[in-house]
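Novice: Contents of protein_34.cif (mmCIF, C-alpha atoms) are below:
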```
data_my_file
#
loop_
_atom_site.group_PDB
_atom_site.id
_atom_site.type_symbol
_atom_site.label_atom_id
_atom_site.label_comp_id
_atom_site.auth_asym_id
_atom_site.auth_seq_id
_atom_site.Cartn_x
_atom_site.Cartn_y
_atom_site.Cartn_z
ATOM 1 C CA MET I 1 58.845 52.827 7.459
ATOM 2 C CA LEU I 2 55.955 55.042 6.400
ATOM 3 C CA PHE I 3 56.773 58.181 4.441
ATOM 4 C CA THR I 4 54.070 60.847 4.456
ATOM 5 C CA VAL I 5 54.074 63.152 1.430
ATOM 6 C CA ASN I 6 51.923 66.292 1.390
ATOM 7 C CA LYS I 7 53.198 68.237 -1.618
ATOM 8 C CA SER I 8 51.970 68.074 -5.179
ATOM 9 C CA PRO I 9 54.502 66.249 -7.379
ATOM 10 C CA LEU I 10 53.526 68.679 -10.138
ATOM 11 C CA THR I 11 55.071 71.624 -8.281
ATOM 12 C CA SER I 12 57.697 69.897 -6.120
ATOM 13 C CA ASP I 13 60.254 67.098 -6.428
ATOM 14 C CA ASN I 14 59.273 65.950 -2.967
ATOM 15 C CA LEU I 15 57.543 62.715 -4.058
ATOM 16 C CA LYS I 16 60.311 61.764 -6.480
ATOM 17 C CA THR I 17 63.052 62.145 -3.852
ATOM 18 C CA CYS I 18 60.951 60.275 -1.327
ATOM 19 C CA LEU I 19 60.451 57.364 -3.718
ATOM 20 C CA ARG I 20 64.173 57.325 -4.428
ATOM 21 C CA PHE I 21 64.875 56.821 -0.715
ATOM 22 C CA ALA I 22 62.045 54.368 -0.054
ATOM 23 C CA LYS I 23 63.224 50.790 0.220
ATOM 24 C CA LYS I 24 61.386 47.626 -0.737
ATOM 25 C CA GLY I 25 58.589 47.001 1.731
ATOM 26 C CA ASN I 26 58.253 50.651 2.799
ATOM 27 C CA SER I 27 54.973 52.499 2.460
ATOM 28 C CA VAL I 28 54.140 55.984 1.251
ATOM 29 C CA LEU I 29 51.013 57.905 2.179
ATOM 30 C CA LEU I 30 49.942 60.748 -0.104
ATOM 31 C CA TYR I 31 47.815 63.380 1.659
ATOM 32 C CA GLU I 32 46.979 67.102 1.340
ATOM 33 C CA ASP I 33 48.354 68.241 -2.082
ATOM 34 C CA GLY I 34 50.380 65.010 -2.158
ATOM 35 C CA VAL I 35 47.258 63.224 -3.439
ATOM 36 C CA TYR I 36 47.888 64.702 -6.894
ATOM 37 C CA GLY I 37 50.559 61.997 -7.141
ATOM 38 C CA ALA I 38 47.852 59.324 -7.004
ATOM 39 C CA ILE I 39 45.857 60.646 -9.957
ATOM 40 C CA PRO I 40 46.235 58.893 -13.314
ATOM 41 C CA GLY I 41 47.411 60.812 -16.343
ATOM 42 C CA THR I 42 49.966 63.150 -14.770
ATOM 43 C CA LYS I 43 53.660 63.336 -15.620
ATOM 44 C CA VAL I 44 54.550 61.384 -12.451
ATOM 45 C CA GLU I 45 52.225 58.447 -13.129
ATOM 46 C CA SER I 46 55.064 56.323 -14.520
ATOM 47 C CA VAL I 47 57.257 57.077 -11.472
ATOM 48 C CA VAL I 48 54.469 56.025 -9.116
ATOM 49 C CA LYS I 49 53.735 52.880 -11.147
ATOM 50 C CA GLU I 50 57.404 51.908 -11.034
ATOM 51 C CA ALA I 51 57.470 52.482 -7.250
ATOM 52 C CA LEU I 52 54.386 50.299 -6.791
ATOM 53 C CA LYS I 53 56.461 47.286 -7.850
ATOM 54 C CA SER I 54 58.391 47.398 -4.580
ATOM 55 C CA ILE I 55 56.491 49.632 -2.148
ATOM 56 C CA GLU I 56 52.909 50.232 -1.099
ATOM 57 C CA VAL I 57 51.361 53.601 -1.960
ATOM 58 C CA PHE I 58 48.299 54.932 -0.146
ATOM 59 C CA ALA I 59 46.245 58.086 -0.743
ATOM 60 C CA LEU I 60 43.977 59.863 1.738
ATOM 61 C CA LYS I 61 40.388 59.700 0.494
ATOM 62 C CA GLU I 62 39.258 62.922 2.199
ATOM 63 C CA ASP I 63 41.983 64.987 0.526
ATOM 64 C CA LEU I 64 41.311 63.452 -2.907
ATOM 65 C CA LYS I 65 37.621 64.233 -2.534
ATOM 66 C CA ALA I 66 38.347 67.791 -1.376
ATOM 67 C CA ARG I 67 40.191 68.301 -4.672
ATOM 68 C CA GLY I 68 37.472 66.762 -6.796
ATOM 69 C CA PHE I 69 39.189 63.455 -7.544
ATOM 70 C CA GLY I 70 38.152 59.870 -6.931
ATOM 71 C CA GLU I 71 39.958 57.673 -9.422
ATOM 72 C CA VAL I 72 43.546 56.698 -8.630
ATOM 73 C CA ILE I 73 46.400 54.888 -10.372
ATOM 74 C CA ASP I 74 45.915 51.073 -10.343
ATOM 75 C CA GLY I 75 47.554 49.667 -7.222
ATOM 76 C CA VAL I 76 47.297 52.826 -5.107
ATOM 77 C CA LYS I 77 45.186 52.057 -2.058
ATOM 78 C CA LEU I 78 42.699 54.511 -0.578
ATOM 79 C CA VAL I 79 42.566 55.139 3.161
ATOM 80 C CA ASP I 80 40.495 57.404 5.393
ATOM 81 C CA TYR I 81 41.857 59.042 8.589
ATOM 82 C CA ALA I 82 41.273 55.819 10.543
ATOM 83 C CA GLY I 83 43.374 54.082 7.893
ATOM 84 C CA PHE I 84 46.024 56.801 8.228
ATOM 85 C CA VAL I 85 46.160 56.081 11.972
ATOM 86 C CA GLY I 86 46.382 52.367 11.174
ATOM 87 C CA LEU I 87 49.424 52.951 8.951
ATOM 88 C CA VAL I 88 51.105 54.930 11.738
ATOM 89 C CA GLU I 89 50.398 52.046 14.140
ATOM 90 C CA GLU I 90 52.160 49.631 11.800
ATOM 91 C CA HIS I 91 55.178 51.736 10.833
ATOM 92 C CA ASN I 92 57.659 54.213 12.173
ATOM 93 C CA VAL I 93 56.881 57.495 10.446
ATOM 94 C CA CYS I 94 59.128 59.715 8.410
ATOM 95 C CA PRO I 95 57.179 62.867 7.469
ATOM 96 C CA TRP I 96 58.670 63.863 4.112
ATOM 97 C CA LEU I 97 58.084 67.593 4.602
ATOM 98 C CA MET Q 1 49.666 53.479 21.446
ATOM 99 C CA LYS Q 2 50.892 56.960 22.388
ATOM 100 C CA PHE Q 3 51.021 59.498 19.569
ATOM 101 C CA GLY Q 4 52.848 62.813 19.774
ATOM 102 C CA ILE Q 5 51.766 65.444 17.256
ATOM 103 C CA LEU Q 6 53.897 68.315 15.986
ATOM 104 C CA ILE Q 7 52.186 71.205 14.183
ATOM 105 C CA LEU Q 8 54.428 73.504 12.159
ATOM 106 C CA GLU Q 9 52.161 75.672 10.008
ATOM 107 C CA GLY Q 10 49.635 78.418 10.740
ATOM 108 C CA PRO Q 11 45.836 78.094 10.586
ATOM 109 C CA TYR Q 12 43.657 78.776 7.522
ATOM 110 C CA GLN Q 13 46.715 79.375 5.297
ATOM 111 C CA HIS Q 14 47.967 75.776 5.257
ATOM 112 C CA GLN Q 15 46.207 72.437 5.721
ATOM 113 C CA ALA Q 16 48.711 71.120 8.296
ATOM 114 C CA GLY Q 17 46.686 72.161 11.350
ATOM 115 C CA ASP Q 18 43.522 70.605 9.918
ATOM 116 C CA SER Q 19 45.294 67.371 9.008
ATOM 117 C CA ALA Q 20 46.805 67.195 12.492
ATOM 118 C CA TYR Q 21 43.405 67.717 14.082
ATOM 119 C CA ASN Q 22 41.703 65.094 11.913
ATOM 120 C CA PHE Q 23 44.504 62.649 12.634
ATOM 121 C CA ALA Q 24 44.301 63.291 16.389
ATOM 122 C CA GLU Q 25 40.517 62.767 16.394
ATOM 123 C CA ALA Q 26 40.844 59.538 14.403
ATOM 124 C CA ALA Q 27 43.600 58.279 16.719
ATOM 125 C CA VAL Q 28 41.498 58.910 19.829
ATOM 126 C CA ALA Q 29 38.488 57.275 18.138
ATOM 127 C CA LYS Q 30 40.620 54.149 17.632
ATOM 128 C CA GLY Q 31 41.500 54.073 21.326
ATOM 129 C CA HIS Q 32 44.966 55.618 21.147
ATOM 130 C CA ALA Q 33 46.290 58.275 23.506
ATOM 131 C CA ILE Q 34 47.635 61.631 22.365
ATOM 132 C CA SER Q 35 50.746 62.014 24.505
ATOM 133 C CA GLY Q 36 51.034 65.652 23.545
ATOM 134 C CA LEU Q 37 50.637 68.392 20.972
ATOM 135 C CA PHE Q 38 53.568 70.639 20.184
ATOM 136 C CA PHE Q 39 52.925 73.879 18.296
ATOM 137 C CA TYR Q 40 56.084 75.173 16.684
ATOM 138 C CA CYS Q 41 57.068 77.900 14.163
ATOM 139 C CA ASP Q 42 53.929 79.410 12.558
ATOM 140 C CA GLY Q 43 52.050 76.502 14.105
ATOM 141 C CA VAL Q 44 51.857 78.496 17.343
ATOM 142 C CA GLN Q 45 49.159 80.641 15.685
ATOM 143 C CA ASN Q 46 46.776 77.663 15.964
ATOM 144 C CA ALA Q 47 46.726 78.083 19.729
ATOM 145 C CA THR Q 48 45.826 81.764 20.086
ATOM 146 C CA THR Q 49 42.518 83.412 20.962
ATOM 147 C CA TYR Q 50 43.114 86.065 18.267
ATOM 148 C CA MET Q 51 41.023 84.373 15.596
ATOM 149 C CA THR Q 52 37.336 85.093 15.018
ATOM 150 C CA PRO Q 53 36.439 83.198 11.823
ATOM 151 C CA PRO Q 54 32.964 83.391 10.199
ATOM 152 C CA GLN Q 55 30.388 81.277 12.023
ATOM 153 C CA ASP Q 56 30.045 78.782 9.185
ATOM 154 C CA ASP Q 57 33.786 78.096 9.145
ATOM 155 C CA ARG Q 58 35.730 75.915 11.566
ATOM 156 C CA HIS Q 59 37.153 77.727 14.581
ATOM 157 C CA ILE Q 60 40.600 76.182 14.635
ATOM 158 C CA SER Q 61 41.855 77.331 18.035
ATOM 159 C CA LYS Q 62 38.516 76.686 19.755
ATOM 160 C CA ARG Q 63 38.484 73.215 18.231
ATOM 161 C CA TRP Q 64 41.932 72.513 19.707
ATOM 162 C CA ALA Q 65 40.923 73.943 23.096
ATOM 163 C CA GLU Q 66 37.914 71.613 23.183
ATOM 164 C CA PHE Q 67 40.012 68.642 22.114
ATOM 165 C CA ILE Q 68 42.614 69.397 24.800
ATOM 166 C CA ALA Q 69 39.948 69.725 27.520
ATOM 167 C CA LYS Q 70 37.980 66.672 26.434
ATOM 168 C CA HIS Q 71 40.944 64.315 26.239
ATOM 169 C CA GLY Q 72 43.207 65.875 28.875
ATOM 170 C CA VAL Q 73 46.016 66.363 26.365
ATOM 171 C CA ASP Q 74 49.208 68.256 27.165
ATOM 172 C CA ALA Q 75 49.536 71.060 24.604
ATOM 173 C CA VAL Q 76 52.802 72.959 24.429
ATOM 174 C CA VAL Q 77 53.386 76.146 22.454
ATOM 175 C CA CYS Q 78 57.012 76.979 21.653
ATOM 176 C CA ILE Q 79 58.191 79.976 23.661
ATOM 177 C CA ALA Q 80 60.616 81.400 21.074
ATOM 178 C CA ALA Q 81 58.083 81.140 18.229
ATOM 179 C CA SER Q 82 55.419 82.669 20.504
ATOM 180 C CA LYS Q 83 57.514 85.661 21.524
ATOM 181 C CA LYS Q 84 58.228 86.496 17.893
ATOM 182 C CA ARG Q 85 54.485 86.552 17.176
ATOM 183 C CA GLY Q 86 53.241 88.418 20.238
ATOM 184 C CA ILE Q 87 51.743 85.338 21.825
ATOM 185 C CA THR Q 88 51.656 85.267 25.626
ATOM 186 C CA ASP Q 89 49.594 83.511 28.299
ATOM 187 C CA ALA Q 90 47.084 86.377 27.876
ATOM 188 C CA ASN Q 91 46.108 85.322 24.350
ATOM 189 C CA LEU Q 92 46.704 81.589 24.521
ATOM 190 C CA ILE Q 93 43.858 79.060 24.322
ATOM 191 C CA LYS Q 94 42.766 77.352 27.528
ATOM 192 C CA GLY Q 95 44.686 74.175 28.271
ATOM 193 C CA ALA Q 96 47.804 75.134 26.326
ATOM 194 C CA ARG Q 97 51.062 76.193 27.941
ATOM 195 C CA ILE Q 98 54.141 78.028 26.704
ATOM 196 C CA ALA Q 99 57.404 76.122 27.101
ATOM 197 C CA GLY Q 100 60.694 75.369 25.398
ATOM 198 C CA LEU Q 101 61.936 72.936 22.790
ATOM 199 C CA GLY Q 102 63.039 70.540 25.534
ATOM 200 C CA GLN Q 103 59.358 69.627 25.764
ATOM 201 C CA LEU Q 104 59.443 68.507 22.129
ATOM 202 C CA THR Q 105 62.382 66.212 22.893
ATOM 203 C CA GLU Q 106 60.440 64.910 25.887
ATOM 204 C CA LEU Q 107 57.398 64.287 23.679
ATOM 205 C CA GLY Q 108 59.541 62.347 21.226
ATOM 206 C CA ILE Q 109 60.886 60.171 24.027
ATOM 207 C CA GLU Q 110 57.485 59.558 25.641
ATOM 208 C CA SER Q 111 55.593 58.788 22.430
ATOM 209 C CA ASP Q 112 55.486 55.537 20.476
ATOM 210 C CA ARG Q 113 55.155 57.684 17.359
ATOM 211 C CA LEU Q 114 55.882 61.361 16.761
ATOM 212 C CA ILE Q 115 54.196 62.656 13.644
ATOM 213 C CA ALA Q 116 54.811 66.069 12.125
ATOM 214 C CA PHE Q 117 52.325 68.130 10.109
ATOM 215 C CA GLY Q 118 53.848 71.049 8.255
ATOM 216 C CA ASP Q 119 55.046 72.238 4.874
#
```
Would you mind writing the structure in this file as structure tokens?
Specialist:
Amino acid sequence: MLFTVNKSPLTSDNLKTCLRFAKKGNSVLLYEDGVYGAIPGTKVESVVKEALKSIEVFALKEDLKARGFGEVIDGVKLVDYAGFVGLVEEHNVCPWL
Amino acid sequence: MKFGILILEGPYQHQAGDSAYNFAEAAVAKGHAISGLFFYCDGVQNATTYMTPPQDDRHISKRWAEFIAKHGVDAVVCIAASKKRGITDANLIKGARIAGLGQLTELGIESDRLIAFGD
């Protein structure tokens, strides 16, 4: 299962609830304002790091760049739109809107 | 693979329509088929001819119209959401059609993946 998260974890509990539901082996893609969850140094960094022990976390490069960020938490993988499509090929999708 | 795409938010105000478009382009570039677009709730505003953005900005509805024509994609605009926003066949982009939610169910059945872009 791929969860897609598009809200900033700094203004919404969306990412936290998603990670609570995600099971071992699931993947989460952070895009749009969701990419703020991939940036080191925020209050959700520890939650994301804990999640990375059992799930894969991806962040959309284009949306990070559009917000002026490049560096991500260790273990978070960067994908472009082709990579986004690739993740959807591999998983059933649950948009966590 | 066949991808169905659901768009739930309006243009220029929210990124959903842009994300959906970028995803659709990337999917086609990888050789996938777009089994359909479904514009729902404020998302219906993406498919109107009302917008006239500045020339140096993206023209969201024109971009969809070109995508629909180029790839022969079925684009459905929700009838109930359209009526509430004054959208009729007279101000709908070329290639899109107004229909009911049953078409969304159909899209879900026909597609290998149905992906929603919204808020």
Novice: Given 3 Å of margin on each side, can you work out the centre and size in Å (one decimal) of an axis-aligned box holding every listed atom of region 4-10 of chain I, as JSON?
Specialist:
```
{"center_x": 53.2, "center_y": 64.8, "center_z": -2.8, "size_x": 8.6, "size_y": 13.8, "size_z": 20.6}
```
Novice: Given the file above and the PyMOL selection byres ((chain Q) within 6 of (chain I)), which residues are selected, and can you give them as an MDAnalysis selection string?
Specialist: chainID Q and resid 26:27 119
Novice: Write out as a PyMOL selection string the residues lying within 10 Å of Tyr50 (chain Q), counting only C-alpha atoms and excluding same-chain residues fewer than 3 positions away.
Specialist: chain Q and resi 45-47+53+61+87+91-93
Novice: Do you know which residues the PyMOL selection byres ((chain Q and resi 9) around 9) returns on this file, as a ChimeraX atom specification?
Specialist: /Q:7-8,10-11,13-17,39-46,117-119
Novice: Just give me the gap between CA of Tyr12 (chain Q) and CA of Ile39 (chain I) in Å, one decimal is fine.
Specialist: 25.3 Å
